[in-house]
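Below is my_file37.csv, holding CSV, C-alpha atoms.
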chain,number,residue,atom,x,y,z
A,863,MET,CA,73.7,7.5,-87.3
A,864,SER,CA,71.8,6.6,-84.1
A,865,GLN,CA,69.0,9.0,-83.1
A,866,VAL,CA,67.6,10.1,-79.7
A,867,THR,CA,64.5,12.0,-79.0
A,868,VAL,CA,64.6,13.9,-75.7
A,869,VAL,CA,61.3,15.1,-74.3
A,870,GLY,CA,61.8,18.2,-72.1
A,871,ALA,CA,64.4,20.9,-72.3
A,872,GLY,CA,65.1,21.4,-68.6
A,873,ILE,CA,68.4,20.6,-66.9
A,874,GLY,CA,68.2,16.8,-67.4
A,875,GLY,CA,67.0,17.0,-71.0
A,876,LEU,CA,69.6,19.5,-72.1
A,877,ALA,CA,72.3,17.6,-70.3
A,878,THR,CA,71.2,14.4,-72.1
A,879,ALA,CA,71.4,16.2,-75.4
A,880,ILE,CA,75.0,17.2,-74.7
A,881,ALA,CA,75.9,13.7,-73.6
A,882,PHE,CA,74.5,12.1,-76.7
A,883,THR,CA,75.9,14.8,-79.0
A,884,ARG,CA,79.3,14.0,-77.6
A,885,ILE,CA,79.0,10.3,-78.5
A,886,GLY,CA,78.0,11.1,-82.1
A,887,TRP,CA,74.2,10.6,-81.9
A,888,GLN,CA,71.7,12.8,-83.7
A,889,VAL,CA,69.7,14.6,-81.1
A,890,GLN,CA,66.2,16.2,-81.1
A,891,VAL,CA,64.8,17.9,-78.0
A,892,LEU,CA,61.1,18.5,-77.8
A,893,GLU,CA,59.9,21.2,-75.4
A,894,ARG,CA,56.3,22.2,-75.0
A,895,ALA,CA,57.0,25.8,-73.8
A,896,PRO,CA,57.1,28.4,-76.6
A,897,ALA,CA,60.5,29.6,-75.5
A,898,LEU,CA,63.2,28.5,-73.1
A,899,THR,CA,62.6,30.9,-70.2
A,900,VAL,CA,63.6,30.3,-66.7
A,901,PRO,CA,62.2,31.6,-63.4
A,902,GLY,CA,64.5,33.5,-61.1
A,903,ALA,CA,65.9,30.9,-58.7
A,904,GLY,CA,69.2,29.7,-57.4
A,905,LEU,CA,70.5,26.2,-57.6
A,906,SER,CA,73.0,24.2,-55.5
A,907,LEU,CA,75.3,21.9,-57.4
A,908,TRP,CA,77.2,19.4,-55.2
A,909,PRO,CA,80.6,17.8,-56.1
A,910,ASN,CA,78.9,14.8,-57.6
A,911,ALA,CA,77.0,17.0,-60.0
A,912,LEU,CA,80.2,18.9,-60.8
A,913,ARG,CA,81.9,15.7,-61.8
A,914,ALA,CA,78.9,15.0,-64.2
A,915,LEU,CA,79.3,18.5,-65.7
A,916,ASP,CA,83.0,17.8,-66.1
A,917,ALA,CA,82.2,14.6,-68.0
A,918,LEU,CA,79.9,16.7,-70.2
A,919,GLY,CA,82.8,19.1,-70.9
A,920,ILE,CA,81.2,22.2,-69.3
A,921,GLY,CA,82.2,22.0,-65.7
A,922,ASP,CA,84.6,25.0,-65.8
A,923,GLN,CA,82.1,27.1,-67.6
A,924,VAL,CA,79.5,26.5,-64.9
A,925,ARG,CA,82.1,27.2,-62.1
A,926,ALA,CA,83.0,30.5,-63.8
A,927,ARG,CA,79.4,31.7,-63.3
A,928,ALA,CA,78.9,30.3,-59.9
A,929,ARG,CA,80.1,30.8,-56.3
A,930,GLU,CA,81.3,28.3,-53.8
A,931,ASP,CA,78.8,27.6,-51.0
A,932,GLY,CA,80.7,27.5,-47.7
A,933,SER,CA,77.6,27.3,-45.5
A,934,ALA,CA,78.7,26.3,-42.1
A,935,GLY,CA,75.6,24.5,-40.8
A,936,ILE,CA,72.1,24.9,-39.4
A,937,ARG,CA,70.9,27.5,-36.8
A,938,ASP,CA,67.8,27.9,-34.7
A,939,SER,CA,65.5,30.9,-35.2
A,940,ARG,CA,67.6,32.9,-32.7
A,941,GLY,CA,70.8,32.2,-34.5
A,942,ALA,CA,72.3,29.6,-32.2
A,943,TRP,CA,74.0,26.7,-33.9
A,944,LEU,CA,72.2,23.4,-34.0
A,945,SER,CA,74.6,21.6,-36.3
A,946,THR,CA,77.8,22.5,-38.0
A,947,PHE,CA,79.6,21.1,-41.1
A,948,ASP,CA,83.3,20.4,-41.3
A,949,VAL,CA,83.8,22.7,-44.2
A,950,PRO,CA,87.6,22.3,-44.5
A,951,ALA,CA,87.2,18.5,-44.6
A,952,LEU,CA,84.4,18.7,-47.1
A,953,LYS,CA,86.5,20.9,-49.3
A,954,ALA,CA,89.6,18.7,-49.0
A,955,ARG,CA,87.8,15.5,-49.7
A,956,TYR,CA,85.2,16.5,-52.4
A,957,GLY,CA,85.4,20.2,-53.0
A,958,LEU,CA,82.6,22.6,-52.0
A,959,PRO,CA,79.2,22.8,-53.6
A,960,ILE,CA,78.5,25.8,-55.7
A,961,MET,CA,75.5,28.1,-56.1
A,962,VAL,CA,74.5,29.1,-59.6
A,963,HIS,CA,71.5,30.9,-61.0
A,964,ARG,CA,69.3,28.4,-62.8
A,965,ALA,CA,69.1,30.6,-65.8
A,966,ASP,CA,72.9,30.7,-66.1
A,967,LEU,CA,73.2,26.9,-65.9
A,968,LEU,CA,70.5,26.4,-68.6
A,969,ASP,CA,72.2,29.0,-70.8
A,970,ILE,CA,75.4,27.1,-70.7
A,971,LEU,CA,73.7,23.8,-71.3
A,972,ARG,CA,71.7,24.9,-74.4
A,973,HIS,CA,74.8,26.6,-76.0
A,974,ALA,CA,76.7,23.3,-75.7
A,975,ILE,CA,74.3,21.5,-78.2
A,976,PRO,CA,74.0,22.1,-81.9
A,977,ALA,CA,71.8,25.0,-83.0
A,978,GLY,CA,68.4,23.7,-84.0
A,979,SER,CA,68.4,20.7,-81.7
A,980,VAL,CA,65.7,22.1,-79.5
A,981,ARG,CA,62.2,22.4,-80.9
A,982,THR,CA,60.0,24.6,-78.7
A,983,GLY,CA,56.2,24.8,-78.7
A,984,VAL,CA,55.9,21.1,-79.3
A,985,THR,CA,53.6,19.2,-77.0
A,986,VAL,CA,54.1,15.5,-76.6
A,987,THR,CA,51.0,13.4,-76.2
A,988,GLU,CA,52.3,9.9,-76.3
A,989,ALA,CA,55.5,7.9,-76.3
A,990,ARG,CA,55.7,4.2,-77.3
A,991,GLY,CA,58.2,1.5,-76.6
A,992,ASP,CA,59.2,1.2,-80.2
A,993,GLY,CA,60.8,4.7,-80.1
A,994,THR,CA,57.8,6.6,-81.6
A,995,VAL,CA,56.7,9.9,-80.1
A,996,THR,CA,53.4,11.5,-81.0
A,997,HIS,CA,53.3,15.3,-80.6
A,998,SER,CA,51.6,18.5,-81.7
A,999,ALA,CA,53.9,18.8,-84.8
A,1000,GLY,CA,53.4,15.2,-85.9
A,1001,GLU,CA,55.4,12.2,-85.1
A,1002,SER,CA,59.1,11.4,-84.4
A,1003,ARG,CA,60.9,8.1,-84.4
A,1004,ALA,CA,64.2,7.4,-82.8
A,1005,ASP,CA,66.5,4.6,-81.5
A,1006,LEU,CA,66.0,5.9,-78.0
A,1007,VAL,CA,63.3,8.1,-76.4
A,1008,VAL,CA,64.3,9.9,-73.2
A,1009,GLY,CA,61.6,11.2,-70.9
A,1010,ALA,CA,63.0,14.3,-69.2
A,1011,ASP,CA,59.6,16.0,-69.0
A,1012,GLY,CA,59.4,16.5,-65.2
A,1013,ILE,CA,57.3,15.3,-62.4
A,1014,ASN,CA,54.1,15.2,-64.5
A,1015,SER,CA,55.8,13.4,-67.3
A,1016,VAL,CA,53.8,12.2,-70.3
A,1017,VAL,CA,56.5,9.8,-71.4
A,1018,ARG,CA,56.4,8.1,-68.0
A,1019,ARG,CA,53.0,6.6,-68.8
A,1020,ALA,CA,54.6,4.3,-71.3
A,1021,VAL,CA,57.0,3.0,-68.6
A,1022,ALA,CA,55.1,3.0,-65.4
A,1023,GLY,CA,51.4,3.8,-66.2
A,1024,THR,CA,49.6,6.5,-64.2
A,1025,VAL,CA,51.7,7.6,-61.2
A,1026,ARG,CA,50.5,10.4,-59.0
A,1027,PRO,CA,53.0,12.7,-57.3
A,1028,VAL,CA,52.7,12.8,-53.5
A,1029,TYR,CA,52.4,16.0,-51.6
A,1030,ALA,CA,55.2,16.3,-49.0
A,1031,GLY,CA,53.1,18.3,-46.5
A,1032,TYR,CA,54.9,21.6,-46.9
A,1033,THR,CA,55.1,24.5,-49.3
A,1034,ALA,CA,58.1,26.6,-50.4
A,1035,TRP,CA,58.8,30.2,-51.5
A,1036,ARG,CA,62.0,31.2,-53.4
A,1037,VAL,CA,63.3,34.6,-54.2
A,1038,ILE,CA,66.5,36.2,-55.3
A,1039,VAL,CA,67.4,39.4,-53.4
A,1040,THR,CA,69.7,42.2,-54.1
A,1041,PRO,CA,70.7,43.1,-50.5
A,1042,LYS,CA,71.5,46.6,-49.3
A,1043,ARG,CA,74.5,45.3,-47.4
A,1044,PRO,CA,76.8,42.3,-48.1
A,1045,ILE,CA,75.7,38.9,-46.7
A,1046,THR,CA,78.4,36.6,-45.5
A,1047,ASP,CA,77.0,34.3,-42.9
A,1048,LEU,CA,75.2,31.8,-45.2
A,1049,GLY,CA,73.3,28.8,-44.2
A,1050,GLU,CA,69.9,27.3,-43.1
A,1051,THR,CA,67.7,28.0,-40.1
A,1052,TRP,CA,65.2,25.7,-38.6
A,1053,GLY,CA,62.2,26.6,-36.4
A,1054,ARG,CA,58.9,24.9,-35.6
A,1055,GLY,CA,57.4,23.7,-38.9
A,1056,LEU,CA,59.4,26.5,-40.6
A,1057,ARG,CA,62.8,26.7,-42.3
A,1058,PHE,CA,64.7,29.5,-44.1
A,1059,GLY,CA,67.9,29.3,-46.1
A,1060,TYR,CA,70.1,31.8,-48.0
A,1061,ALA,CA,73.2,31.6,-50.1
A,1062,ALA,CA,75.1,34.1,-52.2
A,1063,LEU,CA,75.3,33.9,-56.0
A,1064,ALA,CA,78.3,35.0,-58.1
A,1065,ASP,CA,77.0,38.5,-58.6
A,1066,ASP,CA,76.5,39.1,-54.9
A,1067,ARG,CA,72.7,38.7,-55.1
A,1068,VAL,CA,71.3,36.2,-52.5
A,1069,TYR,CA,69.1,33.3,-53.2
A,1070,CYS,CA,66.6,32.8,-50.4
A,1071,PHE,CA,64.0,30.1,-49.7
A,1072,GLY,CA,61.4,29.6,-47.0
A,1073,VAL,CA,59.5,26.4,-46.1
A,1074,ALA,CA,56.3,26.0,-44.1
A,1075,ASN,CA,53.9,23.3,-43.2
A,1076,ARG,CA,50.7,23.9,-45.1
A,1077,PRO,CA,47.6,22.0,-46.5
A,1078,GLU,CA,48.0,21.2,-50.1
A,1079,GLY,CA,46.9,24.0,-52.4
A,1080,ALA,CA,46.6,26.6,-49.6
A,1081,PRO,CA,46.8,30.1,-51.1
A,1082,SER,CA,49.7,32.4,-50.3
A,1083,THR,CA,50.1,36.2,-50.1
A,1084,GLY,CA,53.7,35.8,-51.2
A,1085,LEU,CA,56.3,38.2,-49.7
A,1086,ALA,CA,53.9,39.5,-47.1
A,1087,GLU,CA,53.4,36.0,-45.8
A,1088,LEU,CA,57.1,35.4,-45.8
A,1089,ARG,CA,57.8,38.5,-43.8
A,1090,ASP,CA,55.2,37.6,-41.3
A,1091,LEU,CA,56.3,34.0,-40.9
A,1092,PHE,CA,60.0,34.9,-40.4
A,1093,ALA,CA,59.6,38.1,-38.4
A,1094,GLY,CA,61.8,38.0,-35.3
A,1095,TRP,CA,64.2,35.4,-36.7
A,1096,HIS,CA,67.9,36.1,-36.5
A,1097,ASP,CA,69.7,38.5,-38.8
A,1098,PRO,CA,69.9,38.8,-41.7
A,1099,ILE,CA,66.7,37.0,-42.5
A,1100,PRO,CA,64.3,39.9,-41.8
A,1101,ALA,CA,66.6,42.3,-43.7
A,1102,LEU,CA,66.8,40.0,-46.7
A,1103,LEU,CA,63.0,39.9,-46.9
A,1104,ALA,CA,62.8,43.6,-46.4
A,1105,ASP,CA,65.0,44.0,-49.5
A,1106,ALA,CA,63.0,41.5,-51.6
A,1107,ASP,CA,60.9,42.4,-54.5
A,1108,PRO,CA,57.3,41.1,-54.1
A,1109,ALA,CA,57.1,40.4,-57.9
A,1110,ALA,CA,60.2,38.1,-57.7
A,1111,VAL,CA,58.8,35.6,-55.2
A,1112,LEU,CA,58.0,32.1,-56.5
A,1113,HIS,CA,55.7,29.9,-54.5
A,1114,HIS,CA,55.2,26.1,-55.0
A,1115,ASP,CA,53.9,23.2,-53.0
A,1116,ILE,CA,56.5,20.4,-52.7
A,1117,TYR,CA,55.8,17.1,-54.3
A,1118,ARG,CA,57.8,13.9,-54.8
A,1119,LEU,CA,57.3,10.7,-56.9
A,1120,PRO,CA,56.6,7.3,-55.4
A,1121,ASP,CA,59.3,4.8,-56.1
A,1122,LEU,CA,58.9,3.4,-59.7
A,1123,ARG,CA,59.4,-0.3,-60.4
A,1124,THR,CA,61.6,0.6,-63.4
A,1125,PHE,CA,63.0,3.6,-65.3
A,1126,VAL,CA,62.9,1.8,-68.7
A,1127,ALA,CA,60.6,0.1,-71.1
A,1128,GLY,CA,61.5,-0.9,-74.7
A,1129,ARG,CA,63.4,2.0,-76.2
A,1130,ILE,CA,62.3,4.5,-73.5
A,1131,ALA,CA,64.4,5.7,-70.5
A,1132,LEU,CA,63.3,8.1,-67.9
A,1133,LEU,CA,65.6,10.6,-66.1
A,1134,GLY,CA,65.4,13.5,-63.7
A,1135,ASP,CA,62.1,14.4,-62.2
A,1136,ALA,CA,60.3,12.2,-64.6
A,1137,ALA,CA,62.0,9.2,-63.0
A,1138,HIS,CA,62.6,10.2,-59.4
A,1139,ALA,CA,61.3,13.7,-58.5
A,1140,MET,CA,62.4,14.2,-54.9
A,1141,SER,CA,62.0,16.8,-52.2
A,1142,PRO,CA,64.6,19.5,-52.3
A,1143,ASN,CA,66.0,19.0,-48.8
A,1144,LEU,CA,69.4,17.6,-49.9
A,1145,GLY,CA,69.7,19.9,-52.9
A,1146,GLN,CA,70.2,16.8,-55.1
A,1147,GLY,CA,67.3,17.0,-57.7
A,1148,ALA,CA,69.3,18.6,-60.5
A,1149,CYS,CA,72.4,16.8,-59.4
A,1150,GLN,CA,70.8,13.4,-59.9
A,1151,ALA,CA,69.4,14.5,-63.3
A,1152,LEU,CA,73.0,15.4,-64.4
A,1153,GLU,CA,74.3,12.0,-63.2
A,1154,ASP,CA,71.4,10.3,-65.1
A,1155,ALA,CA,72.4,11.9,-68.4
A,1156,VAL,CA,76.0,10.9,-68.1
A,1157,VAL,CA,75.3,7.3,-67.2
A,1158,LEU,CA,72.6,6.9,-69.9
A,1159,ALA,CA,75.0,8.1,-72.6
A,1160,ARG,CA,77.8,5.9,-71.4
A,1161,ILE,CA,75.6,2.8,-71.4
A,1162,ALA,CA,74.3,3.7,-74.9
A,1163,THR,CA,77.9,3.7,-76.0
A,1164,ASP,CA,78.9,0.5,-74.2
A,1165,SER,CA,76.0,-1.9,-74.9
A,1166,GLY,CA,72.7,0.0,-75.3
A,1167,ASP,CA,71.2,-2.3,-72.7
A,1168,LEU,CA,68.8,0.0,-70.9
A,1169,ALA,CA,68.4,-2.5,-68.1
A,1170,ARG,CA,71.9,-1.5,-67.0
A,1171,TYR,CA,70.8,2.1,-66.8
A,1172,ASP,CA,67.9,1.1,-64.6
A,1173,LEU,CA,70.2,-1.0,-62.4
A,1174,ALA,CA,72.7,1.8,-62.1
A,1175,ARG,CA,70.3,4.7,-61.4
A,1176,ARG,CA,67.2,3.4,-59.6
A,1177,PRO,CA,68.7,2.2,-56.4
A,1178,ARG,CA,70.9,5.2,-56.0
A,1179,THR,CA,68.2,7.8,-56.7
A,1180,ARG,CA,65.8,5.9,-54.4
A,1181,MET,CA,68.3,6.1,-51.6
A,1182,ILE,CA,68.9,9.8,-52.1
A,1183,ALA,CA,65.2,10.6,-52.3
A,1184,ALA,CA,64.5,8.7,-49.1
A,1185,ARG,CA,67.3,10.6,-47.3
A,1186,SER,CA,65.9,13.8,-48.6
A,1187,ASP,CA,62.4,12.9,-47.3
A,1188,ARG,CA,63.7,12.0,-43.9
A,1189,LEU,CA,65.6,15.3,-43.6
A,1190,GLY,CA,62.5,17.2,-44.6
A,1191,THR,CA,60.4,15.3,-42.0
A,1192,VAL,CA,62.9,16.2,-39.3
A,1193,GLY,CA,63.2,19.8,-40.5
A,1194,GLN,CA,59.5,20.4,-40.5
A,1195,LEU,CA,58.7,19.0,-37.1
A,1196,SER,CA,56.4,21.5,-35.3
A,1197,ALA,CA,55.3,20.2,-31.9
A,1198,ARG,CA,57.2,22.2,-29.3
A,1199,PRO,CA,58.5,19.3,-27.2
A,1200,VAL,CA,59.5,17.3,-30.2
A,1201,VAL,CA,61.3,20.3,-31.7
A,1202,ALA,CA,63.2,20.9,-28.5
A,1203,ALA,CA,64.3,17.2,-28.4
A,1204,ARG,CA,65.3,17.4,-32.1
A,1205,ASP,CA,67.4,20.5,-31.5
A,1206,ALA,CA,69.1,19.0,-28.4
A,1207,VAL,CA,70.1,15.9,-30.4
A,1208,MET,CA,71.4,18.0,-33.3
A,1209,ARG,CA,73.7,19.9,-31.0
A,1210,LEU,CA,75.3,16.6,-29.9
A,1211,ILE,CA,76.1,15.3,-33.4
A,1212,PRO,CA,79.8,16.0,-34.2
A,1213,PRO,CA,80.7,17.6,-37.5
A,1214,ALA,CA,82.6,14.5,-38.5
A,1215,ALA,CA,79.4,12.5,-38.4
A,1216,GLN,CA,77.7,15.0,-40.7
A,1217,PHE,CA,80.6,14.6,-43.1
A,1218,ARG,CA,80.4,10.8,-43.1
A,1219,ALA,CA,76.7,10.9,-43.7
A,1220,LEU,CA,77.3,12.8,-47.0
A,1221,ALA,CA,79.7,10.2,-48.4
A,1222,PRO,CA,77.2,7.9,-50.1
A,1223,VAL,CA,75.8,10.9,-51.9
A,1224,LEU,CA,79.0,12.7,-52.9
A,1225,ASP,CA,81.2,9.7,-53.6
A,1226,TRP,CA,79.7,9.1,-57.1
A,1227,GLU,CA,82.1,9.1,-60.0
A,1228,PRO,CA,81.0,9.1,-63.7

Mind turning this structure into structure tokens?
Amino acid sequence: MSQVTVVGAGIGGLATAIAFTRIGWQVQVLERAPALTVPGAGLSLWPNALRALDALGIGDQVRARAREDGSAGIRDSRGAWLSTFDVPALKARYGLPIMVHRADLLDILRHAIPAGSVRTGVTVTEARGDGTVTHSAGESRADLVVGADGINSVVRRAVAGTVRPVYAGYTAWRVIVTPKRPITDLGETWGRGLRFGYAALADDRVYCFGVANRPEGAPSTGLAELRDLFAGWHDPIPALLADADPAAVLHHDIYRLPDLRTFVAGRIALLGDAAHAMSPNLGQGACQALEDAVVLARIATDSGDLARYDLARRPRTRMIAARSDRLGTVGQLSARPVVAARDAVMRLIPPAAQFRALAPVLDWEP
């Protein structure tokens, strides 16, 4: 029986474990954390990711614990529309994205692989192209090693050498709120160097995020800073922040990976953030990791030629990462005249054009 060692038990790593279990491989997942705990955050899964989940046999389980995201577009800080989406056309052509709690998705993923497949508390120190992985519990050998160990991947060193993540120029806060009144007008709001977004989860809690231009590593006061930054913005943003729990706020600077020359070397393949960590502006980070897992397992079944995986995944993820970067650059503009010009142009873009722009991202089929 063929064996695969997966390094990292995040979304991409667990999805890979499911995909290879389904094709009859023996799977071992090595995770350095002592337990599979998940911070409280929401996650958008677009139709391309839902097709990947269907290919893994768990799409309906995820949908049952999620909520359709029918966000209608982007507003300015006063609540006036800058850009609207053709939601009926999107639903008819692709289906709507869904919002799910990250913990719910990971719970479904880990229960879809055999018990005992995940070894926690194991820190990987080296991977080699012959399929050997050195770690804190000894050494593992496999026919394939999958680096799913995130933006600071150890496995990636064997494929691409030392690669330093690049700071995007902005920082983000995330929080899940239990609002005192129902929230129905979901979406994203852009200001000058600031953005705020909110979307409902299946249990009527609301996932919120804020983004601000900041020097790398700048400290944050958490919820107090969020309330100050977005005071005076349109309803229900101040109300959501008023209902938030300060202890629930997560804060992280945003980084991306430079483009890699390859995702594979010898018996090693990279996926997810280890291969193509991207800014979150398109909501495609987890979606692309799910695609990676499905494609890698299919190629392992067809021929085992990892060059085909690299050819299939690197150009696509590079395109999506570049689009996400551009969107973030536009969204984080801060000079008053430039922002005024941006907003004026956005109001002129028809919803049909927004829909067409999404096609190269959402048209993917497993």

Original post:
By how many Å are CA of Glu893 in chain A and CA of Tyr1171 in chain A apart?
Top reply: 23.6 Å

**OP:** Choose the residue, out of A:Ala1010, A:Leu1103, A:Ala1202, A:Ala879, that has the smallest atom-to-atom separation from Ala1137 in chain A; count all atoms listed in the file.
**Re:** A:Ala1010

Within 9 Å of Pro976 in chain A, counting all atoms listed in the file, which residues qualify if same-chain residues fewer than 5 places away don't, as a PDB file with C-alpha atoms, in the coordinates of the input?
ATOM      1  CA  ILE A 880      75.000  17.200 -74.700  1.00  0.00           C
ATOM      2  CA  THR A 883      75.900  14.800 -79.000  1.00  0.00           C
ATOM      3  CA  VAL A 889      69.700  14.600 -81.100  1.00  0.00           C
TER       4      VAL A 889
END

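Counting all atoms listed in the file and comparing A:Ala881, A:Ile1116, A:Ala1162, A:Val962, the residue that lies closest to Val924 in chain A is A:Val962.
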
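Nearest residue to Val1007 in chain A among A:Gln1146, A:Ser1082, A:Thr1124, A:Ser864 is A:Ser864, counting all atoms listed in the file.
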
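The list of residues with at least one atom within 9 Å of Ile920 in chain A, based on all atoms listed in the file and without residues fewer than 6 positions apart in the same chain, reads Ile970, Leu971 and Ala974 of chain A.
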
I'd like the neighbourhood of Asp1172 in chain A as a PDB file with C-alpha atoms, in the coordinates of the input, where a residue qualifies if any of its atoms comes within 12 Å (using all atoms listed in the file), though same-chain residues fewer than 5 positions away should be ignored.
ATOM      1  CA  VAL A1021      57.000   3.000 -68.600  1.00  0.00           C
ATOM      2  CA  LEU A1122      58.900   3.400 -59.700  1.00  0.00           C
ATOM      3  CA  ARG A1123      59.400  -0.300 -60.400  1.00  0.00           C
ATOM      4  CA  THR A1124      61.600   0.600 -63.400  1.00  0.00           C
ATOM      5  CA  PHE A1125      63.000   3.600 -65.300  1.00  0.00           C
ATOM      6  CA  VAL A1126      62.900   1.800 -68.700  1.00  0.00           C
ATOM      7  CA  ALA A1127      60.600   0.100 -71.100  1.00  0.00           C
ATOM      8  CA  ILE A1130      62.300   4.500 -73.500  1.00  0.00           C
ATOM      9  CA  ALA A1131      64.400   5.700 -70.500  1.00  0.00           C
ATOM     10  CA  LEU A1132      63.300   8.100 -67.900  1.00  0.00           C
ATOM     11  CA  LEU A1133      65.600  10.600 -66.100  1.00  0.00           C
ATOM     12  CA  ALA A1137      62.000   9.200 -63.000  1.00  0.00           C
ATOM     13  CA  HIS A1138      62.600  10.200 -59.400  1.00  0.00           C
ATOM     14  CA  ASP A1154      71.400  10.300 -65.100  1.00  0.00           C
ATOM     15  CA  VAL A1157      75.300   7.300 -67.200  1.00  0.00           C
ATOM     16  CA  LEU A1158      72.600   6.900 -69.900  1.00  0.00           C
ATOM     17  CA  ILE A1161      75.600   2.800 -71.400  1.00  0.00           C
ATOM     18  CA  GLY A1166      72.700   0.000 -75.300  1.00  0.00           C
ATOM     19  CA  ASP A1167      71.200  -2.300 -72.700  1.00  0.00           C
ATOM     20  CA  PRO A1177      68.700   2.200 -56.400  1.00  0.00           C
ATOM     21  CA  ARG A1178      70.900   5.200 -56.000  1.00  0.00           C
ATOM     22  CA  THR A1179      68.200   7.800 -56.700  1.00  0.00           C
ATOM     23  CA  ARG A1180      65.800   5.900 -54.400  1.00  0.00           C
TER      24      ARG A1180
END

Subject >> Test item: residues at most 7 Å from range 939-948 of chain A, all atoms listed in the file, excluding those fewer than 4 positions along its chain, as a list of chain:residue names >> reply: A:Ala934, A:Gly935, A:Leu952, A:Thr1051, A:Trp1052, A:Gly1053, A:Trp1095, A:His1096, A:Asp1205, A:Met1208, A:Arg1209, A:Pro1213, A:Ala1214, A:Gln1216, A:Phe1217

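Around Arg1054 in chain A, within 10 Å and counting all atoms listed in the file, the residues found are Asp938, Ser939, Ala1074, Asn1075, Gly1193, Gln1194, Leu1195, Ser1196, Ala1197, Arg1198, Val1200, Val1201 and Ala1202 of chain A, once anything fewer than 5 positions away on its own chain is removed.
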
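The interatomic distance for the pair CA of Ala903 in chain A and CA of Arg964 in chain A works out to 5.9 Å.
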
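In this comparison, which uses all atoms listed in the file, the residue of A:Ile1182, A:Ala1030, A:Leu905, A:Val1073 approaching Glu1050 in chain A most closely is A:Val1073.
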
Subject >> Pick from A:Pro1228, A:Pro1142, A:Gly1059, A:Pro1120, whichever lies nearest to Arg937 in chain A using all atoms listed in the file >> reply: A:Gly1059

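Counting all atoms listed in the file, the residue from A:Leu907, A:Val866, A:Ala954, A:Ala1020 that sits nearest to Gln890 in chain A is A:Val866.
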
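For the pair CA of Leu1056 in chain A and CA of Asp966 in chain A, the separation is 29.2 Å.
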